[in-house]
Amino acid sequence: MPGFALTLGVTLTVLSTVVLIPLSAVVIRSAGLGWEGFTAAALSERALAAYRLSFGAAFVAACVNGVFGLLTAWALVRYRFPGKALVNAVVDLPFALPTAVAGVALSALYAENGWLGAPLADLGVRAAFSELGVVIALTFIGLPFIVRTVEPVLRDLSREVEEAAASLGARWTQILVRVIWPALLPAWLTGFALAFARGVGEYGSVIFISSNLPFSTEIAPLLIVIQLEQYEYGAAAAIAVVMLAVSFLMLLVINGVQAWSRRYEG
Amino acid sequence: MSARPQPRTGAEPAWVKATVLALLLAFLAAMLVLPLVTVIAGALRNGAGEAWAAVTHPDAVAAMRLTLLTAAIAVPFNVAFGVCAAWAIAKHDFPGKPFLITLIDLPFSVSPVVAGLIYVLVFGAQGWFGPWLAERGVQVIFAVPGIVLATIFVTFPFVARELIPLMQEQGVDQEEAALSLGASGPLTFWRVTAPNIRWGLLYGVLLCNARAMGEFGAVSVVSGHIRGLTNTLPLHVEILYNEYDFVGAFATAALLCGLAVVTLALKSALELAHPEVTRGHGL
């Protein structure tokens with residue numbers, strides 16, 4: 001095939017200029033702080049509280065999506081119901097809707113005077129402007145990931161194996177747990193990791209639905225923005241390095257899961 | 001699709017199915033449908049006239065213009081990059097290919113705020129090239145170039161990751177046939193490869209464009225929020241919202257909801273007409 005040198009050259013040049021060199025700036029800048037400066041900025045009490053919220057809320061949201069994403073994929077593949085095409089299209093809304101719009105919409109909906117916030121407030125649950133609000137926003141953001149990773153695997157799953165299990169006397173719950181779930185697990189884990197990673201870095205939707213109070217409802221990306229606004233570039237870079245390290249870790253996990261699952265494919 | 005649903009052996013009972021569907025529809029309504037309705041209701045709270053006035057306000061129009069300009073630069077840039085990268089990766093063998101694909105995907109796992117931050121560190125007043133550029137009268141951060149760069153970063157993988165699996169699946173047979181008949185490289189690409197990848201490319205462009213027009217975090221960091229100058233539509237929503245101009249904020253948000261709905265409709269139509277566009281990409 002012709003054009004290999006040219007296209008690979010362009011690819012590497014653009015990748016370096018747009019992505020790799022700018023990303024290295026964050027590492028170099030935070031290295032300029034020295035070890036003590038770095039830990040003072042990246043591991044301050046306020047930063048630790050922000051990581052706890054970002055990682056904790058992203059984890060809870062990924063768990064919620066782990067359940068409902070699986071149910072959605074299941075219904076889209078196995079059931080026929082009215083409005084299925086609409087459900088299929090609307091699942092991708094979080095990919096298509098600007099995060100700021102999601103933020104204002106969810107905060108209006110889950111505020112104390114909102115359509116869903118008011119009944120929740122009657123039950124004594126404060127949804128918007130609390131940690132729960134952060135979880136709601138991150139659930140919205142991560143919703144399509146598990147659906148879209150599990151769905152194709154479920155679609156390709158051979159029904160014959162299930163029928164064999166049934167003919168051998170397995171109940172539907174046994175088939176679900178012992179036959180179907182193991183086959184879906186790698187895809188489910190990949191979707192979970194993607195949703196989690198996306199939630200950890202999310203900014204736009206969260207800042208509207210959160211009260212953004214330091215030490216309680218302030219997410220890590222917001223802390224970066226606040227440091228930047230105070231011209232604390234080094235501190236902003238230090239927090240960014242921690243978040244990048246976690247992103248790399250998640251990428252490794254995702255690649256690891258995919259390599260692991262390929263070993264079991266025929 | 002036309003096969004009648006057959007009662008499966010070993011299938012779950014009907015009440016399980018009904019419960020799953022009820023739970024699911026309630027969840028999707030609370031998470032996806034009601035937020036959209038909230039935006040429309042909020043925009044029309046004081047009548048359509050006020051909503052119309054908000055989206056035709058000069059600041060809103062300026063924001064719209066900047067959003068369109070940004071997408072008009074970022075999307076073609078990423079199309080050119082995506083086609084180049086997919087040609088190099090899918091049609092050739094070389095060591096380190098999986099690593100290169102991971103690097104191209106990297107912007108997806110970087111927080112949008114970090115995406116903005118890196119350009120501030122490179123081109124900002126205190127950054128590597130900021131002072132050098134300032135001497136020459138070029139401003140990147142708190143100006144349009146920074147917004148375009150940040151948008152290119154967050155939409156970077158969209159087209160490439162759409163095309164790479166598609167072109168890998170198609171192989172090189174058709175191109176080799178064209179080349180052996182004496183066609184030049186560019187002609188082969190234009191007449192053989194391009195028609196094969198056009199729907200996948202369109203699919204990638206659709207997703208890339210939605211993100212480019214809707215990006216908030218990265219653009220927010222580099223924009224400086226100067227009304228009428230460096231304000232995009234999503235940033236305009238935030239400004240109005242923080243000023244308690246809820247009708248204005250929701251009217252602008254409704255405009256962006258329209259963009260999302262059109263994107264989803266086109267995407268669904270494309271998936272229906274050309275199912276191969278979604279093949280082989282687990283997101």
# chains A, B, ... in the order shown; residues from 1 in each chain; ligands from 1
$ interface_residues --of "chain B" --to "chain A" --cutoff "7 Å" --atoms "only C-alpha atoms" --output "VMD selection string"
chain B and resid 9 to 12 20 24 31 35 to 36 38 to 39 81 84 to 85 87 to 88 91 109 to 114 118 to 119 121 to 122 153 185 210 to 211 214 to 217 221 234 253 257 260 263 to 264 268 282 to 283
$ atom_distance --atom1 "CA of Leu34 (chain B)" --atom2 "CA of Asp122 (chain A)"
19.3 Å
$ residues_around --residues "Ala238 (chain A)" --least-positions-apart "4" --cutoff "7 Å" --atoms "only C-alpha atoms" --output "list of chain:residue names"
A:Ser30, A:Phe38, A:Ala41, A:Ala42, A:Gly234, A:Val242
$ atom_distance --atom1 "CA of Gln168 (chain B)" --atom2 "CA of His92 (chain B)"
9.4 Å
$ atom_distance --atom1 "CA of Leu259 (chain B)" --atom2 "CA of Ile147 (chain B)"
19.7 Å
$ select_by_dssp --residues "region 2-183 of chain B" --states "alpha helix (DSSP H)" --output "PyMOL selection string"
chain B and resi 14-28+34-43+48-55+58-90+97-105+112-123+130-135+144-155+157-170+173-180
